[in-house]
>>> print(open('protein_16.cif').read())   # mmCIF, C-alpha atoms
data_upload
loop_
_atom_site.label_atom_id
_atom_site.label_comp_id
_atom_site.auth_asym_id
_atom_site.auth_seq_id
_atom_site.Cartn_x
_atom_site.Cartn_y
_atom_site.Cartn_z
CA MET A 680 0.00 0.00 0.00
CA ASN A 681 2.86 2.35 0.83
CA ASP A 682 4.31 1.79 -2.61
CA GLN A 683 0.99 2.59 -4.15
CA ASN A 684 0.51 5.79 -2.18
CA GLN A 685 4.08 6.85 -2.79
CA ASN A 686 3.67 6.31 -6.51
CA ASN A 687 0.30 7.99 -6.64
CA ASN A 688 1.87 10.98 -4.92
CA ASP A 689 4.84 10.97 -7.28
CA LEU A 690 2.82 10.67 -10.44
CA GLY A 691 -0.46 12.36 -9.60
CA GLU A 692 -3.77 10.58 -10.01
CA ASN A 693 -4.18 11.39 -13.67
CA GLU A 694 -0.70 10.31 -14.57
CA THR A 695 -1.11 7.18 -12.49
CA ASP A 696 -4.12 6.23 -14.56
CA ARG A 697 -2.22 6.93 -17.76
CA PHE A 698 0.73 4.93 -16.51
CA ASP A 699 -1.50 1.98 -15.61
CA ALA A 700 -3.22 2.17 -18.97
CA GLY A 701 0.15 2.33 -20.71
CA VAL A 702 1.42 -0.71 -18.82
CA ALA A 703 -1.72 -2.66 -19.65
CA GLU A 704 -1.45 -1.69 -23.30
CA ALA A 705 2.21 -2.70 -23.47
CA ALA A 706 1.44 -5.96 -21.70
CA ARG A 707 -1.36 -6.77 -24.13
CA LYS A 708 1.06 -6.31 -27.01
CA THR A 709 4.11 -8.02 -25.61
CA TYR A 710 3.43 -10.27 -22.63
CA ASN A 711 3.10 -13.91 -23.71
CA GLN A 712 1.29 -12.83 -26.85
CA PRO A 713 -0.87 -15.82 -27.82
CA PRO A 714 -0.64 -17.22 -31.34
CA GLU A 715 -3.78 -18.01 -33.27
CA THR A 716 -5.84 -20.54 -31.36
CA PRO A 717 -5.19 -24.06 -32.69
CA ARG A 718 -8.90 -24.83 -32.64
CA ASP A 719 -9.03 -27.92 -34.81
CA GLU A 720 -5.97 -29.49 -33.27
CA MET A 721 -7.36 -29.15 -29.75
CA TRP A 722 -10.85 -30.14 -30.81
CA SER A 723 -9.63 -33.44 -32.24
CA VAL A 724 -8.05 -34.28 -28.88
CA ILE A 725 -11.18 -33.26 -26.99
CA ARG A 726 -13.37 -35.33 -29.29
CA ALA A 727 -11.15 -38.35 -28.93
CA ALA A 728 -11.18 -38.04 -25.17
CA ARG A 729 -14.94 -37.55 -25.10
CA ALA A 730 -15.47 -40.53 -27.35
CA ALA A 731 -13.23 -42.69 -25.19
CA ALA A 732 -14.77 -41.61 -21.91
CA PRO A 733 -17.08 -44.20 -20.38
CA GLY A 734 -20.63 -43.08 -19.65
CA ARG A 735 -20.42 -40.40 -22.33
CA GLY A 736 -23.53 -38.34 -22.35
CA SER A 737 -24.72 -39.74 -19.09
CA SER A 738 -25.31 -37.49 -16.17
CA ALA A 739 -23.24 -39.73 -13.97
CA ASP A 740 -20.12 -38.76 -15.75
CA ASP A 741 -17.77 -38.79 -12.84
CA SER A 742 -18.26 -42.46 -12.26
CA ARG A 743 -15.54 -42.89 -14.86
CA GLY A 744 -13.81 -45.61 -12.94
CA ALA A 745 -16.88 -47.82 -12.92
CA ASP A 746 -16.23 -49.29 -16.36
CA VAL A 747 -13.37 -51.65 -16.88
CA ILE A 748 -10.66 -49.83 -18.78
CA PRO A 749 -7.12 -50.99 -18.98
CA MET A 750 -5.73 -47.44 -18.95
CA ARG A 751 -6.45 -44.61 -16.60
CA ARG A 752 -7.60 -41.56 -18.46
CA PHE A 753 -8.07 -38.03 -17.29
CA ARG A 754 -8.17 -39.09 -13.69
CA PRO A 755 -7.15 -36.13 -11.59
CA LYS A 756 -4.02 -37.69 -10.17
CA PRO A 757 -1.42 -35.07 -9.38
CA TRP A 758 1.11 -35.08 -12.19
CA TRP A 759 3.92 -34.19 -9.86
CA ALA A 760 3.66 -37.73 -8.52
CA ALA A 761 4.53 -39.07 -11.96
CA VAL A 762 7.36 -36.59 -12.40
CA ALA A 763 8.77 -37.30 -8.96
CA ALA A 764 8.61 -41.06 -9.49
CA ALA A 765 10.27 -40.76 -12.88
CA LEU A 766 13.04 -38.61 -11.48
CA VAL A 767 13.72 -41.15 -8.75
CA ILE A 768 13.87 -43.96 -11.29
CA GLY A 769 15.97 -41.87 -13.65
CA VAL A 770 18.49 -40.94 -10.98
CA ALA A 771 18.70 -44.53 -9.80
CA LEU A 772 19.29 -45.81 -13.32
CA GLY A 773 21.79 -43.09 -14.04
CA ARG A 774 23.74 -43.96 -10.92
CA GLY A 775 23.69 -47.61 -11.84
CA SER A 776 24.99 -46.99 -15.31
CA LEU A 777 27.57 -44.44 -14.29
CA GLY A 778 29.04 -46.33 -11.39
CA GLY A 779 28.73 -43.41 -9.03
CA GLY A 780 29.89 -40.74 -11.42
CA PRO A 781 28.64 -37.21 -11.36
CA GLU A 782 24.89 -36.88 -11.57
CA ASP A 783 22.21 -34.33 -12.20
CA GLY A 784 23.15 -30.77 -11.76
CA VAL A 785 26.87 -31.37 -11.67
CA ALA A 786 28.78 -28.81 -13.61
CA VAL A 787 31.50 -30.37 -15.66
CA ALA A 788 34.31 -29.19 -17.76
CA ASP A 789 34.37 -27.02 -20.74
CA GLY A 790 35.29 -29.07 -23.74
CA GLY A 791 33.42 -31.38 -26.02
CA THR A 792 34.22 -34.49 -24.00
CA ASP A 793 32.09 -33.76 -20.98
CA VAL A 794 28.85 -34.81 -22.59
CA PRO A 795 27.50 -38.12 -23.80
CA ALA A 796 29.08 -39.42 -26.96
CA ALA A 797 25.92 -39.04 -28.98
CA VAL A 798 25.59 -35.53 -27.73
CA ALA A 799 29.19 -34.68 -28.32
CA GLY A 800 28.97 -36.14 -31.77
CA THR A 801 31.25 -39.15 -31.44
CA ASP A 802 30.78 -42.25 -33.45
CA GLY A 803 32.19 -45.72 -33.32
CA GLY A 804 35.35 -45.00 -31.45
CA ALA A 805 36.27 -41.88 -33.32
CA PRO A 806 37.66 -39.14 -31.18
CA GLY A 807 34.61 -37.27 -30.06
CA ALA A 808 35.97 -33.93 -29.15
CA ALA A 809 36.60 -32.79 -32.66
CA LYS A 810 33.10 -33.50 -33.89
CA GLY A 811 31.59 -32.30 -30.64
CA THR A 812 32.95 -28.85 -31.20
CA THR A 813 30.64 -28.40 -34.18
CA VAL A 814 27.65 -28.26 -31.85
CA PRO A 815 27.57 -25.17 -29.64
CA ARG A 816 28.05 -26.06 -26.02
CA SER A 817 24.73 -24.66 -24.88
CA TYR A 818 22.96 -27.02 -27.26
CA ARG A 819 25.04 -29.97 -26.16
CA VAL A 820 24.10 -29.21 -22.56
CA ALA A 821 20.44 -28.93 -23.49
CA ALA A 822 20.63 -32.19 -25.43
CA ALA A 823 22.30 -34.03 -22.56
CA ARG A 824 19.62 -32.95 -20.15
CA HIS A 825 16.91 -33.74 -22.62
CA LEU A 826 18.22 -37.28 -23.03
CA THR A 827 18.27 -37.72 -19.27
CA ARG A 828 14.69 -36.55 -18.95
CA THR A 829 13.55 -38.67 -21.86
CA GLU A 830 15.17 -41.75 -20.41
CA SER A 831 13.34 -41.17 -17.14
CA PHE A 832 10.10 -40.74 -19.00
CA LEU A 833 10.49 -43.86 -21.12
CA THR A 834 11.42 -45.90 -18.08
CA MET A 835 8.29 -44.68 -16.35
CA PHE A 836 6.27 -45.42 -19.44
CA ARG A 837 7.49 -49.00 -19.64
CA VAL A 838 6.80 -49.64 -15.97
CA ASP A 839 3.27 -48.29 -16.33
CA ALA A 840 2.65 -49.99 -19.66
CA ARG A 841 3.58 -53.37 -18.35
CA ALA A 842 1.31 -52.89 -15.36
CA ASP A 843 -1.55 -51.76 -17.64
CA GLN A 844 -1.62 -48.62 -15.56
CA LEU A 845 -0.75 -45.76 -17.86
CA ASP A 846 -1.05 -42.47 -16.08
CA GLU A 847 -2.98 -39.78 -17.90
CA GLU A 848 -0.21 -37.27 -17.26
CA LEU A 849 2.19 -39.23 -19.44
CA GLY A 850 0.49 -37.81 -22.53
CA PRO A 851 1.15 -34.13 -21.80
CA TRP A 852 4.62 -35.01 -20.58
CA ALA A 853 5.38 -36.88 -23.80
CA LYS A 854 4.07 -33.92 -25.75
CA ARG A 855 6.51 -31.55 -24.10
CA LEU A 856 9.38 -33.96 -24.62
CA LEU A 857 8.34 -34.36 -28.24
CA THR A 858 8.36 -30.60 -28.70
CA ASP A 859 11.83 -30.37 -27.20
CA THR A 860 13.03 -33.28 -29.33
CA ARG A 861 11.86 -31.54 -32.47
CA LEU A 862 13.40 -28.27 -31.38
CA LEU A 863 16.69 -30.06 -30.83
CA LEU A 864 16.47 -31.76 -34.20
CA ASP A 865 16.00 -28.36 -35.82
CA SER A 866 18.74 -26.78 -33.74
CA PRO A 867 22.50 -27.00 -34.31
CA ALA A 868 22.44 -30.10 -32.10
CA GLY A 869 20.56 -31.86 -34.88
CA GLY A 870 23.58 -31.38 -37.11
CA ASP A 871 25.40 -34.13 -35.28
CA PRO A 872 24.68 -37.36 -37.20
CA GLU A 873 24.64 -39.76 -34.26
CA LEU A 874 22.56 -37.52 -32.07
CA ARG A 875 20.22 -36.92 -34.95
CA ILE A 876 19.54 -40.63 -35.33
CA LEU A 877 18.90 -41.00 -31.62
CA LEU A 878 16.61 -37.96 -31.54
CA SER A 879 14.73 -39.16 -34.61
CA ASP A 880 14.07 -42.50 -32.96
CA LEU A 881 12.95 -40.72 -29.82
CA GLU A 882 10.69 -38.48 -31.86
CA LEU A 883 8.94 -41.50 -33.34
CA VAL A 884 8.34 -43.17 -29.99
CA LEU A 885 7.22 -39.97 -28.30
CA ALA A 886 4.84 -39.19 -31.14
CA GLN A 887 3.31 -42.65 -30.73
CA ILE A 888 2.87 -42.07 -27.01
CA VAL A 889 1.33 -38.64 -27.58
CA GLN A 890 -1.22 -40.28 -29.87
CA LEU A 891 -2.08 -42.76 -27.11
CA ARG A 892 -4.63 -40.63 -25.42
CA GLY A 893 -7.28 -43.16 -26.22
CA GLY A 894 -5.22 -45.68 -24.30
CA ASP A 895 -5.47 -48.66 -26.65
CA PRO A 896 -3.59 -51.53 -24.92
CA ALA A 897 -2.64 -53.04 -28.27
CA GLU A 898 -0.92 -49.80 -29.27
CA VAL A 899 0.83 -49.64 -25.91
CA GLU A 900 2.15 -53.12 -26.51
CA ILE A 901 3.39 -52.15 -29.97
CA ILE A 902 5.23 -49.16 -28.54
CA ASP A 903 6.69 -51.28 -25.77
CA GLU A 904 7.89 -53.84 -28.30
CA GLY A 905 9.29 -51.05 -30.43
CA LEU A 906 11.24 -49.75 -27.47
CA GLU A 907 12.60 -53.23 -26.91
CA SER A 908 13.58 -53.91 -30.50
CA SER A 909 15.15 -50.51 -31.11
CA GLN A 910 17.02 -50.78 -27.81
CA LEU A 911 16.23 -47.14 -27.32
CA LEU A 912 16.59 -47.14 -23.56
CA PHE A 913 19.85 -49.01 -23.83
CA ARG A 914 21.13 -46.49 -26.37
CA LEU A 915 20.06 -43.61 -24.16
CA ARG A 916 21.86 -45.11 -21.20
CA ALA A 917 24.89 -45.86 -23.33
CA ALA A 918 24.99 -42.26 -24.48
CA LYS A 919 24.85 -41.15 -20.88
CA ALA A 920 27.43 -43.68 -19.72
CA THR A 921 30.11 -42.26 -21.96
CA GLY A 922 30.16 -39.12 -19.90
CA PRO A 923 28.47 -37.44 -16.97
CA ALA A 924 24.75 -37.72 -17.43
CA THR A 925 23.99 -34.10 -16.92
CA VAL A 926 26.25 -31.24 -17.56
CA GLY A 927 25.88 -27.91 -15.90
CA LEU A 928 26.67 -24.65 -17.50
CA MET B 1376 -29.81 -21.05 -31.61
CA ASP B 1377 -29.99 -19.62 -28.08
CA GLU B 1378 -28.06 -20.92 -25.09
CA THR B 1379 -30.91 -23.06 -23.80
CA GLN B 1380 -31.29 -24.86 -27.11
CA LEU B 1381 -27.55 -25.23 -27.43
CA LEU B 1382 -27.35 -26.68 -23.94
CA GLU B 1383 -30.11 -29.16 -24.65
CA ARG B 1384 -28.39 -30.33 -27.77
CA VAL B 1385 -25.03 -30.64 -26.07
CA ARG B 1386 -26.62 -32.62 -23.26
CA ALA B 1387 -28.22 -34.86 -25.85
CA GLY B 1388 -24.75 -35.57 -27.22
CA ASP B 1389 -25.00 -33.58 -30.43
CA PRO B 1390 -21.39 -33.22 -31.68
CA ALA B 1391 -22.23 -30.14 -33.77
CA ALA B 1392 -23.63 -28.41 -30.71
CA GLU B 1393 -20.54 -29.36 -28.70
CA ARG B 1394 -18.38 -27.88 -31.40
CA ALA B 1395 -20.48 -24.71 -31.49
CA LEU B 1396 -20.11 -24.30 -27.74
CA TYR B 1397 -16.41 -24.95 -28.01
CA ASP B 1398 -15.96 -22.48 -30.87
CA ALA B 1399 -17.77 -19.79 -28.95
CA HIS B 1400 -15.44 -19.95 -25.98
CA VAL B 1401 -12.16 -21.60 -26.89
CA ASP B 1402 -10.31 -18.46 -27.92
CA ARG B 1403 -10.75 -16.82 -24.59
CA VAL B 1404 -9.76 -19.91 -22.65
CA TYR B 1405 -6.72 -20.63 -24.79
CA ARG B 1406 -5.60 -17.01 -24.73
CA LEU B 1407 -5.72 -16.91 -20.95
CA ALA B 1408 -3.90 -20.23 -20.70
CA PHE B 1409 -1.19 -19.00 -23.06
CA ARG B 1410 -0.85 -15.66 -21.29
CA MET B 1411 -0.45 -17.44 -17.99
CA THR B 1412 1.95 -20.13 -19.17
CA GLY B 1413 3.77 -18.58 -22.12
CA ASP B 1414 3.93 -22.13 -23.49
CA ASP B 1415 1.85 -23.38 -26.39
CA ALA B 1416 1.95 -27.06 -25.42
CA LEU B 1417 0.86 -26.32 -21.87
CA ALA B 1418 -1.79 -23.87 -23.00
CA GLN B 1419 -3.21 -26.50 -25.34
CA ASP B 1420 -3.16 -29.17 -22.64
CA PHE B 1421 -4.97 -26.94 -20.18
CA THR B 1422 -7.52 -25.79 -22.71
CA GLN B 1423 -8.29 -29.34 -23.81
CA ASP B 1424 -8.58 -30.55 -20.24
CA ALA B 1425 -10.77 -27.58 -19.37
CA PHE B 1426 -13.26 -28.34 -22.12
CA ILE B 1427 -13.25 -32.07 -21.48
CA ARG B 1428 -14.12 -31.39 -17.86
CA ALA B 1429 -16.65 -28.72 -18.72
CA PHE B 1430 -18.47 -31.03 -21.11
CA SER B 1431 -18.43 -33.86 -18.62
CA ARG B 1432 -19.81 -31.64 -15.89
CA LEU B 1433 -22.46 -30.01 -17.97
CA HIS B 1434 -25.13 -31.93 -16.10
CA THR B 1435 -24.25 -29.91 -13.00
CA PHE B 1436 -25.13 -26.64 -14.73
CA ARG B 1437 -28.39 -25.47 -13.20
CA GLY B 1438 -28.94 -22.25 -15.05
CA ASP B 1439 -28.27 -19.93 -12.12
CA ALA B 1440 -25.82 -18.00 -14.29
CA SER B 1441 -25.54 -17.82 -18.04
CA LEU B 1442 -24.00 -20.84 -19.72
CA SER B 1443 -21.06 -18.79 -20.90
CA THR B 1444 -20.36 -17.51 -17.39
CA TRP B 1445 -20.54 -21.03 -16.00
CA LEU B 1446 -18.34 -22.39 -18.76
CA HIS B 1447 -15.74 -19.71 -18.19
CA THR B 1448 -15.77 -20.35 -14.48
CA VAL B 1449 -15.15 -24.06 -14.98
CA THR B 1450 -12.53 -23.70 -17.68
CA THR B 1451 -10.64 -20.88 -16.01
CA SER B 1452 -10.54 -22.81 -12.77
CA VAL B 1453 -9.07 -25.81 -14.57
CA VAL B 1454 -6.43 -23.66 -16.25
CA LEU B 1455 -5.42 -21.89 -13.06
CA ASN B 1456 -5.38 -25.07 -10.96
CA GLY B 1457 -3.28 -26.78 -13.61
CA LEU B 1458 -0.91 -23.88 -13.63
CA ARG B 1459 -0.38 -24.10 -9.89
CA LYS B 1460 0.59 -27.76 -10.20
CA VAL B 1461 2.88 -27.17 -13.13
CA LYS B 1462 4.62 -24.16 -11.73
CA LYS B 1463 6.64 -26.17 -9.26
CA PHE B 1464 8.26 -28.11 -12.07
CA ARG B 1465 8.58 -25.47 -14.72
CA THR B 1466 12.14 -24.54 -13.92
CA SER B 1467 13.46 -27.90 -15.06
CA GLU B 1468 11.82 -27.47 -18.44
CA TYR B 1469 13.73 -24.39 -19.44
CA GLU B 1470 17.07 -25.69 -20.60
CA LEU B 1471 16.24 -25.46 -24.28
CA GLU B 1472 15.01 -21.95 -23.87
CA GLU B 1473 18.17 -21.10 -21.99
CA ALA B 1474 20.25 -22.76 -24.68
CA ARG B 1475 18.59 -20.63 -27.32
CA LYS B 1476 19.21 -17.52 -25.25
CA VAL B 1477 22.84 -18.38 -24.61
CA ALA B 1478 23.47 -19.32 -28.23
CA GLY B 1479 21.70 -16.30 -29.61
CA GLN B 1480 22.80 -13.68 -27.15
CA ALA B 1481 22.37 -10.38 -28.83
CA SER B 1482 24.55 -7.40 -28.26
CA ARG B 1483 21.70 -5.64 -26.49
CA ALA B 1484 23.01 -4.69 -23.08
CA GLU B 1485 20.05 -2.81 -21.64
CA PRO B 1486 16.69 -4.49 -21.22
CA ASP B 1487 13.92 -2.78 -23.12
CA LEU B 1488 10.44 -2.10 -21.86
CA SER B 1489 9.03 -5.44 -22.95
CA ASP B 1490 11.81 -7.33 -21.15
CA ARG B 1491 11.34 -5.34 -17.99
CA LEU B 1492 7.60 -5.60 -18.21
CA LYS B 1493 7.76 -9.38 -18.54
CA GLN B 1494 10.15 -9.56 -15.64
CA ALA B 1495 7.94 -7.29 -13.54
CA ILE B 1496 4.74 -9.21 -14.29
CA GLU B 1497 6.38 -12.54 -13.57
CA GLY B 1498 7.75 -11.13 -10.34
CA LEU B 1499 4.27 -10.36 -9.06
CA PRO B 1500 2.81 -12.65 -6.40
CA ASP B 1501 0.66 -15.33 -8.04
CA GLY B 1502 -2.67 -13.83 -7.05
CA TYR B 1503 -1.74 -10.36 -8.26
CA ARG B 1504 -0.36 -11.68 -11.51
CA THR B 1505 -3.43 -13.77 -12.22
CA VAL B 1506 -5.80 -10.87 -11.65
CA PHE B 1507 -3.62 -8.47 -13.63
CA VAL B 1508 -3.41 -10.84 -16.60
CA MET B 1509 -7.12 -11.61 -16.51
CA HIS B 1510 -8.34 -8.04 -16.06
CA ASP B 1511 -5.81 -5.70 -17.63
CA ILE B 1512 -4.53 -7.94 -20.40
CA GLU B 1513 -7.41 -10.26 -21.27
CA GLY B 1514 -10.28 -8.02 -20.28
CA TYR B 1515 -12.12 -10.20 -17.79
CA THR B 1516 -14.48 -8.37 -15.45
CA HIS B 1517 -13.99 -8.51 -11.71
CA ASP B 1518 -17.14 -10.60 -11.42
CA GLU B 1519 -15.76 -13.14 -13.89
CA ILE B 1520 -12.44 -13.21 -12.07
CA ALA B 1521 -14.17 -13.59 -8.74
CA GLY B 1522 -16.22 -16.51 -10.08
CA ALA B 1523 -13.21 -18.24 -11.57
CA LEU B 1524 -10.98 -17.79 -8.55
CA GLY B 1525 -13.65 -18.31 -5.94
CA VAL B 1526 -13.02 -14.97 -4.27
CA ALA B 1527 -15.09 -11.85 -3.76
CA ALA B 1528 -15.08 -9.22 -6.50
CA GLY B 1529 -13.66 -6.79 -3.95
CA THR B 1530 -10.68 -9.10 -3.46
CA SER B 1531 -10.09 -9.10 -7.18
CA LYS B 1532 -10.17 -5.30 -7.26
CA ALA B 1533 -7.81 -5.03 -4.32
CA GLN B 1534 -5.34 -7.46 -5.88
CA LEU B 1535 -5.42 -5.61 -9.17
CA SER B 1536 -4.77 -2.34 -7.41
CA ARG B 1537 -1.75 -3.84 -5.64
CA ALA B 1538 -0.48 -5.43 -8.81
CA ARG B 1539 -0.61 -2.12 -10.64
CA ALA B 1540 1.14 -0.38 -7.76
CA LYS B 1541 3.96 -2.89 -7.84
CA LEU B 1542 4.32 -2.53 -11.58
CA ARG B 1543 4.51 1.24 -11.21
CA VAL B 1544 7.43 0.82 -8.87
CA GLU B 1545 9.15 -1.78 -11.02
CA LEU B 1546 8.72 0.19 -14.23
CA ALA B 1547 9.33 3.67 -12.87
CA ASP B 1548 12.42 3.99 -15.06
CA PHE B 1549 10.25 3.57 -18.12
CA ALA B 1550 7.56 6.06 -17.11
CA GLU B 1551 8.01 8.31 -20.12
CA GLU B 1552 7.96 5.42 -22.55
CA VAL B 1553 4.93 3.85 -20.88
CA VAL B 1554 2.88 7.02 -20.81
CA ALA B 1555 3.87 8.13 -24.30
#
>>> encode(input="protein_16.cif", output="structure tokens")
Amino acid sequence: MNDQNQNNNDLGENETDRFDAGVAEAARKTYNQPPETPRDEMWSVIRAARAAAPGRGSSADDSRGADVIPMRRFRPKPWWAAVAAALVIGVALGRGSLGGGPEDGVAVADGGTDVPAAVAGTDGGAPGAAKGTTVPRSYRVAAARHLTRTESFLTMFRVDARADQLDEELGPWAKRLLTDTRLLLDSPAGGDPELRILLSDLELVLAQIVQLRGGDPAEVEIIDEGLESSQLLFRLRAAKATGPATVGL
Amino acid sequence: MDETQLLERVRAGDPAAERALYDAHVDRVYRLAFRMTGDDALAQDFTQDAFIRAFSRLHTFRGDASLSTWLHTVTTSVVLNGLRKVKKFRTSEYELEEARKVAGQASRAEPDLSDRLKQAIEGLPDGYRTVFVMHDIEGYTHDEIAGALGVAAGTSKAQLSRARAKLRVELADFAEEVVA
């Protein structure tokens, strides 16, 4: 309140109003300016979810759990639980694969060798540092962290998929990871051939998971088998094992 | 088609009516979600979830307020509740953004008004920021805000007043530019 009075006194009531109006106007033009509403894109998701919901059109809508469905959908479980569980699994796996090496949040050196091989751009025993230098460090750091997060997510996904207990928050999470994967592919990090292959494989799997909102168990099984056959988790862990899993700036 | 007819058709499961209801309100919901999150994927998630829940709860609408008011109350609540949950984890999602900033650092040394404004708005306490974004940026009325947040309209007005006061302090250096 003191701030407000002080400012009102400094500016005068009329000027205060003009200042407030000017701030609001500037904010409307510049603050998180929304793009055009993706109406059709969102509507297709809403329709799919509505069509998949049990008791659609009934007034007893919230008895969603009454029908037998293999996947949980749109149940208001806090998503932080999924994130927290995934982080725990991810850290545990990372520790296992690194043999006690530096973990999340550890700032490491300054060259191209402090990041996973795929991130640094190494291939098949070739010295990695030289190729790694072609990708700006900030992107290599971002890629390393992205791989760590994606590994945690995929591990969580497999655990849930095999228990027929997919959490509804996995969809939005996969969507964000998919967005980041595509951004990385389009960034200088995507110029590294080995990382590009890994990211492309991730993109495919994440896109399949994003499309899973209907929760078809057969599709879940196909994705799970795809993960197995492409050895994606193994490759992610291998990429991490060649250097500290997460690199700090 | 008036609201009553639309509602009857939606309740009867008419997809065209659902789409009409959606089309009438989605812009406002998505815009608020985007303004609050600054993230297209999150804004889409919240908007979708908001409409899914609104449609599924339509049987609870008793006609005490207009359908549009009720719909906005439900959807805005979903967006804001979702935002609260997400906020705790947002920091870990920013590496790519940071990478872009680091890689593309411009020579600009001084922040301009839009940078400072963004910083100032994001520095507001959650309640102030929400009311400021809803009222001053997206044009919600205090009654709409009160309904969505479950507070009195007077509380909304008081929070807006405090938000503006804080912004005045934070942006005092830009007074001439702001008023011009």
>>> atom_distance(input="protein_16.cif", atom1="atom CA of B:Asn1456", atom2="atom CA of B:Asp1501")
11.8 Å
>>> interface_residues(input="protein_16.cif", of="chain B", to="chain A", cutoff="7 Å", atoms="all atoms listed in the file", output="compact mmCIF listing (two decimals) with C-alpha atoms, keeping the file's coordinate frame")
# COMPACT_ATOMS: atom_id res chain seq x y z
CA ARG B 1386 -26.62 -32.62 -23.26
CA ALA B 1387 -28.22 -34.86 -25.85
CA GLY B 1388 -24.75 -35.57 -27.22
CA ASP B 1402 -10.31 -18.46 -27.92
CA TYR B 1405 -6.72 -20.63 -24.79
CA ARG B 1406 -5.60 -17.01 -24.73
CA PHE B 1409 -1.19 -19.00 -23.06
CA ARG B 1410 -0.85 -15.66 -21.29
CA GLY B 1413 3.77 -18.58 -22.12
CA ALA B 1416 1.95 -27.06 -25.42
CA GLN B 1419 -3.21 -26.50 -25.34
CA ASP B 1420 -3.16 -29.17 -22.64
CA GLN B 1423 -8.29 -29.34 -23.81
CA ILE B 1427 -13.25 -32.07 -21.48
CA SER B 1431 -18.43 -33.86 -18.62
CA HIS B 1434 -25.13 -31.93 -16.10
CA GLU B 1470 17.07 -25.69 -20.60
CA LEU B 1471 16.24 -25.46 -24.28
CA ALA B 1474 20.25 -22.76 -24.68
CA VAL B 1477 22.84 -18.38 -24.61
CA ALA B 1478 23.47 -19.32 -28.23
CA SER B 1489 9.03 -5.44 -22.95
CA LYS B 1493 7.76 -9.38 -18.54
CA ASP B 1511 -5.81 -5.70 -17.63
CA ILE B 1512 -4.53 -7.94 -20.40
CA ARG B 1539 -0.61 -2.12 -10.64
CA ALA B 1540 1.14 -0.38 -7.76
CA ARG B 1543 4.51 1.24 -11.21
CA ALA B 1550 7.56 6.06 -17.11
CA VAL B 1553 4.93 3.85 -20.88
CA VAL B 1554 2.88 7.02 -20.81
>>> atom_distance(input="protein_16.cif", atom1="atom CA of B:Glu1497", atom2="atom CA of B:Glu1545")
11.4 Å
>>> closest_residue(input="protein_16.cif", among="B:Leu1492, B:Ala1391, B:Ala1523, B:Val1454", to="B:Val1404", atoms="only C-alpha atoms")
B:Val1454
>>> residues_around(input="protein_16.cif", residues="A:Gly905", least_positions_apart="5", cutoff="12 Å", atoms="only C-alpha atoms", output="ChimeraX atom specification")
/A:833,837,880-881,883-885,887-888,898-900,910-912
>>> closest_residue(input="protein_16.cif", among="B:Leu1382, B:Val1506, B:Leu1542, B:Val1453", to="B:Ala1528", atoms="only C-alpha atoms")
B:Val1506
>>> atom_distance(input="protein_16.cif", atom1="atom CA of B:Phe1436", atom2="atom CA of B:Gly1514")
24.5 Å
>>> resolve_selection(input="protein_16.cif", expression="the PyMOL selection byres ((chain B and resi 1538) around 8)", output="list of chain:residue names")
B:Leu1499, B:Tyr1503, B:Arg1504, B:Phe1507, B:Gln1534, B:Leu1535, B:Ser1536, B:Arg1537, B:Arg1539, B:Ala1540, B:Lys1541, B:Leu1542
>>> resolve_selection(input="protein_16.cif", expression="the PyMOL selection byres ((chain B and resi 1399) around 12)", output="number ranges by chain")
A: 718; B: 1378, 1381, 1392-1398, 1400-1405, 1426, 1442-1443, 1446-1447
>>> closest_residue(input="protein_16.cif", among="B:Thr1450, B:Ala1533, B:Asp1414, B:Ile1496", to="B:Ala1429", atoms="all atoms listed in the file")
B:Thr1450
>>> resolve_selection(input="protein_16.cif", expression="the PyMOL selection byres ((chain B and resi 1524) around 10)", output="MDAnalysis selection string")
chainID B and resid 1448:1449 1451:1452 1455:1456 1502 1505:1506 1518:1523 1525:1528 1531
